[in-house]
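Here is final21.txt, consisting of compact mmCIF, C-alpha atoms and all ligand atoms:
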# COMPACT_ATOMS: atom_id res chain seq x y z
CA MET A 8 11.34 -0.63 -3.14
CA ALA A 9 11.62 1.08 0.24
CA ILE A 10 9.18 0.62 3.10
CA GLU A 11 7.30 3.90 3.47
CA ARG A 12 4.70 5.39 5.77
CA THR A 13 1.68 7.40 4.73
CA LEU A 14 -0.96 9.29 6.69
CA SER A 15 -4.53 8.25 6.07
CA ILE A 16 -7.65 9.97 7.31
CA ILE A 17 -11.08 8.35 7.27
CA LYS A 18 -13.18 11.49 6.80
CA PRO A 19 -16.43 12.43 8.61
CA ASN A 20 -18.87 11.10 6.01
CA ALA A 21 -17.36 7.61 6.16
CA VAL A 22 -17.28 7.66 9.97
CA SER A 23 -20.95 8.76 10.11
CA ALA A 24 -21.88 6.06 7.58
CA ARG A 25 -20.31 3.37 9.86
CA LYS A 26 -17.70 2.53 7.21
CA ILE A 27 -14.59 2.69 9.42
CA GLY A 28 -14.32 -1.09 9.52
CA ALA A 29 -14.96 -1.60 5.82
CA ILE A 30 -12.28 0.94 4.92
CA ILE A 31 -9.71 -0.40 7.36
CA GLN A 32 -10.35 -3.85 5.91
CA ARG A 33 -9.33 -2.51 2.51
CA PHE A 34 -6.09 -1.16 3.92
CA GLU A 35 -5.10 -4.51 5.41
CA ALA A 36 -6.31 -6.45 2.37
CA ALA A 37 -4.04 -4.26 0.22
CA GLY A 38 -1.06 -5.22 2.37
CA PHE A 39 -0.74 -2.15 4.57
CA SER A 40 0.24 -2.52 8.22
CA ILE A 41 -1.64 -0.15 10.52
CA VAL A 42 1.14 1.17 12.74
CA ALA A 43 -0.84 3.97 14.43
CA CYS A 44 -4.54 4.80 14.75
CA LYS A 45 -6.69 7.34 16.60
CA MET A 46 -10.10 9.00 16.42
CA VAL A 47 -10.04 12.78 16.57
CA LYS A 48 -12.82 15.37 16.61
CA LEU A 49 -10.92 18.07 14.74
CA THR A 50 -11.00 21.64 15.94
CA GLU A 51 -11.29 24.38 13.34
CA GLU A 52 -7.63 25.28 13.95
CA GLN A 53 -6.51 21.66 13.47
CA ALA A 54 -8.50 21.34 10.23
CA GLN A 55 -7.14 24.65 8.89
CA GLY A 56 -3.56 23.73 9.78
CA PHE A 57 -3.78 20.29 8.23
CA TYR A 58 -5.03 21.61 4.87
CA ALA A 59 -3.12 24.93 5.03
CA GLU A 60 -1.81 24.44 1.45
CA HIS A 61 -5.40 24.90 0.21
CA LYS A 62 -6.38 27.93 2.28
CA GLU A 63 -6.70 30.27 -0.71
CA ARG A 64 -8.84 27.83 -2.73
CA ASP A 65 -12.54 28.53 -3.25
CA PHE A 66 -13.47 25.12 -1.84
CA PHE A 67 -11.60 25.70 1.45
CA PRO A 68 -14.61 26.91 3.52
CA ARG A 69 -16.63 23.94 2.26
CA LEU A 70 -13.81 21.55 3.13
CA MET A 71 -13.47 23.05 6.63
CA GLN A 72 -17.19 22.81 7.31
CA PHE A 73 -17.23 19.17 6.16
CA LEU A 74 -14.28 18.18 8.35
CA LEU A 75 -16.04 19.44 11.49
CA THR A 76 -19.26 17.46 10.97
CA ALA A 77 -18.08 14.29 12.76
CA PRO A 78 -14.86 12.80 14.12
CA VAL A 79 -12.19 11.47 11.78
CA VAL A 80 -9.91 8.47 12.14
CA ALA A 81 -6.22 9.16 11.51
CA LEU A 82 -3.96 6.23 10.70
CA VAL A 83 -0.34 5.66 9.83
CA LEU A 84 -0.02 2.92 7.22
CA GLU A 85 3.20 1.15 6.37
CA LYS A 86 4.07 -0.75 3.20
CA GLU A 87 6.56 -0.77 0.34
CA ASN A 88 5.85 2.29 -1.80
CA ALA A 89 3.03 3.19 0.62
CA ILE A 90 2.30 6.72 -0.60
CA GLU A 91 1.69 5.83 -4.25
CA SER A 92 0.12 2.49 -3.41
CA TYR A 93 -2.38 4.13 -1.02
CA ARG A 94 -3.34 6.79 -3.57
CA GLU A 95 -4.16 3.97 -6.00
CA ILE A 96 -6.64 2.27 -3.64
CA MET A 97 -8.01 5.68 -2.54
CA GLY A 98 -8.90 6.81 -6.07
CA ALA A 99 -9.19 10.26 -7.66
CA THR A 100 -10.32 13.27 -5.60
CA ASP A 101 -13.74 13.33 -7.30
CA PRO A 102 -15.54 10.03 -6.62
CA GLU A 103 -17.23 10.37 -10.02
CA SER A 104 -13.87 10.11 -11.78
CA ALA A 105 -12.36 7.62 -9.33
CA ALA A 106 -11.62 4.17 -10.77
CA THR A 107 -14.11 1.39 -10.07
CA GLY A 108 -13.37 -0.43 -6.83
CA THR A 109 -11.45 2.43 -5.22
CA ILE A 110 -12.43 3.66 -1.75
CA ARG A 111 -13.59 7.05 -3.03
CA ALA A 112 -15.66 5.47 -5.81
CA ASP A 113 -17.43 3.31 -3.24
CA TYR A 114 -17.73 5.65 -0.23
CA GLY A 115 -17.34 9.20 -1.57
CA GLN A 116 -20.35 11.46 -2.13
CA ASN A 117 -18.77 14.29 -4.15
CA VAL A 118 -15.45 16.05 -4.78
CA THR A 119 -15.40 17.49 -1.24
CA ILE A 120 -17.13 14.74 0.75
CA ASN A 121 -14.83 12.01 -0.51
CA ALA A 122 -14.36 9.54 2.37
CA VAL A 123 -10.57 9.46 2.77
CA HIS A 124 -7.36 11.46 2.68
CA GLY A 125 -3.89 10.23 1.77
CA SER A 126 -0.49 11.92 1.81
CA ASP A 127 0.79 12.95 -1.62
CA SER A 128 4.60 12.90 -1.14
CA PRO A 129 7.23 11.75 1.37
CA GLU A 130 7.49 15.34 2.64
CA SER A 131 3.76 15.69 3.24
CA ALA A 132 3.63 12.21 4.80
CA ALA A 133 6.28 13.22 7.34
CA ARG A 134 4.50 16.49 8.14
CA GLU A 135 1.06 14.90 8.34
CA ILE A 136 2.14 11.94 10.49
CA ALA A 137 3.77 14.36 12.95
CA TYR A 138 0.59 16.47 12.87
CA PHE A 139 -1.39 13.66 14.52
CA PHE A 140 1.12 11.36 16.21
CA ALA A 141 4.10 11.55 18.53
CA GLU A 142 6.93 9.29 17.43
CA SER A 143 6.25 7.06 20.44
CA GLU A 144 2.69 6.45 19.15
CA VAL A 145 3.86 4.97 15.84
CA ASN A 146 4.71 1.29 16.06
CA SER A 147 6.29 -1.34 13.85
CA TYR A 148 5.73 -5.07 13.71
CA GLU A 149 6.46 -8.07 11.48
P1 LIG A 201 -6.61 14.67 0.10
O1 LIG A 201 -5.54 15.72 0.28
O2 LIG A 201 -7.78 14.85 1.05
O3 LIG A 201 -6.05 13.28 0.15
O4 LIG A 201 -7.24 14.81 -1.37
P2 LIG A 201 -6.52 14.98 -2.75
O5 LIG A 201 -5.02 15.03 -2.58
O6 LIG A 201 -7.08 13.96 -3.68
O7 LIG A 201 -7.09 16.39 -3.21
P3 LIG A 201 -6.60 17.86 -2.81
O8 LIG A 201 -6.51 18.65 -4.06
O9 LIG A 201 -5.40 17.80 -1.91
O10 LIG A 201 -7.85 18.42 -2.00
C1 LIG A 201 -7.98 18.22 -0.61
C2 LIG A 201 -9.43 17.95 -0.27
O11 LIG A 201 -10.21 19.12 -0.46
C3 LIG A 201 -11.51 18.75 -0.86
N1 LIG A 201 -11.81 19.35 -2.17
N2 LIG A 201 -12.95 19.89 -2.46
N3 LIG A 201 -13.71 21.42 -5.70
C4 LIG A 201 -13.95 21.03 -4.45
O12 LIG A 201 -15.00 21.22 -3.87
C5 LIG A 201 -12.86 20.34 -3.74
N4 LIG A 201 -11.66 20.06 -4.24
C6 LIG A 201 -10.99 19.44 -3.24
C7 LIG A 201 -11.57 17.24 -0.93
O13 LIG A 201 -12.04 16.77 0.34
C8 LIG A 201 -10.12 16.90 -1.15
O14 LIG A 201 -9.85 15.57 -0.77
MG MG A 202 -4.11 16.32 -1.14

If you convert what's in this file into structure tokens, what do you get?
Amino acid sequence: MAIERTLSIIKPNAVSARKIGAIIQRFEAAGFSIVACKMVKLTEEQAQGFYAEHKERDFFPRLMQFLLTAPVVALVLEKENAIESYREIMGATDPESAATGTIRADYGQNVTINAVHGSDSPESAAREIAYFFAESEVNSYE
């Protein structure tokens, strides 16, 4: 299987709960290499642009308000089959339906305040990585 990259965001509730380290530990334990990482206090424009595909959804205002409550941590993670593999350890959107032991099951509060984001396709991964990182900020290592 091909080495892929995915864009992860540790969302404001997990940052505020001091769970950055615990969540990053899960990424590395699952075999992901962290090839880029930064903390960002999103502006409203940045949050709207990132989730533009959802702008007509009824939950969009709630999602925007949530994303502005604290900084987020954006990471680029690298692994074989990274996009699908990350979505497995992340768990379902609603923490109540997320499988036991997934990040959202353990750190999510509800369907909006759900601890982490992960890209859902190679196309969105490419767009989302470029949204936060210049190419020169994404590294590779053995
Ligand atoms: P994400 O994009 O953050 O990785 O989440 P996802 O693919 O599992 O879910 P998606 O449908 O893309 O939704 C994006 C984010 O919007 C918030 N949301 N709130 N009914 C609601 O209140 C609702 N539904 C979605 C969540 O923060 C979700 O992760
Ligand atoms: Mg999504």

Counting all atoms listed in the file, figure out which residue out of A:Glu91, A:Glu149, A:Glu142, A:Glu11 gets nearest to ligand LIG 201 (chain A).
A:Glu91

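For A:Tyr58, the non-local neighbours within 10 Å, defined as residues at least 6 positions apart in the same chain or in other chains and counting all atoms listed in the file, are Phe67, Leu70, Met71 and Glu135 of chain A.
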
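With distances restricted to only C-alpha atoms, A:Glu85 is the closest residue to A:Asn146 from A:Glu95, A:Glu60, A:Asp113, A:Glu85.
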
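With all atoms listed in the file taken into account, the protein and nucleic acid residues at most 8 Å from A:Thr100 (excluding it and anything under 2 positions from it in its own chain) are Gly98, Pro102, Ser104, Ala105, Arg111, Val118, Thr119 and Asn121 of chain A.
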
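Of the residues listed (A:Ala59, A:Met8, A:Ile90, A:Ala137), A:Ile90 shows the shortest atom-to-atom separation from A:Gly125; distances use all atoms listed in the file.
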
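Our summary of the geometry notes that atom CA of A:Val42 is positioned 7.5 Å from atom CA of A:Leu82.
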
Per residue of chain A within 8 Å of ligand MG 202 (chain A), which atom pair is closest and at what distance in Å (one decimal), using all atoms listed in the file, listed by chain and increasing number, as CSV?
residue,atom,partner,partner_atom,distance
A:His124,CA,A:MG202,MG,7.0
A:Gly125,CA,A:MG202,MG,6.8
A:Ser126,CA,A:MG202,MG,6.4
A:Asp127,CA,A:MG202,MG,6.0

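Look at A:Ile31: the protein and nucleic acid residues within 9 Å of it, using all atoms listed in the file and passing over chain neighbours fewer than 5 places away, are A:Ile17, A:Lys26, A:Ala36, A:Ile41.
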
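Remark: for ligand LIG 201 (chain A), the closest of the candidate residues A:Ala24, A:Val80, A:Ala89, A:Ala122 is A:Ala122 (distances computed over only C-alpha atoms and all ligand atoms).
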
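Across the structure, atom CA of A:Leu14 and atom CA of A:Glu103 are spaced 23.3 Å apart.
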
Best match for closeness to A:Ala106 among A:Pro78, A:Asn88, A:Ile10, A:Arg94, counting all atoms listed in the file:
A:Arg94
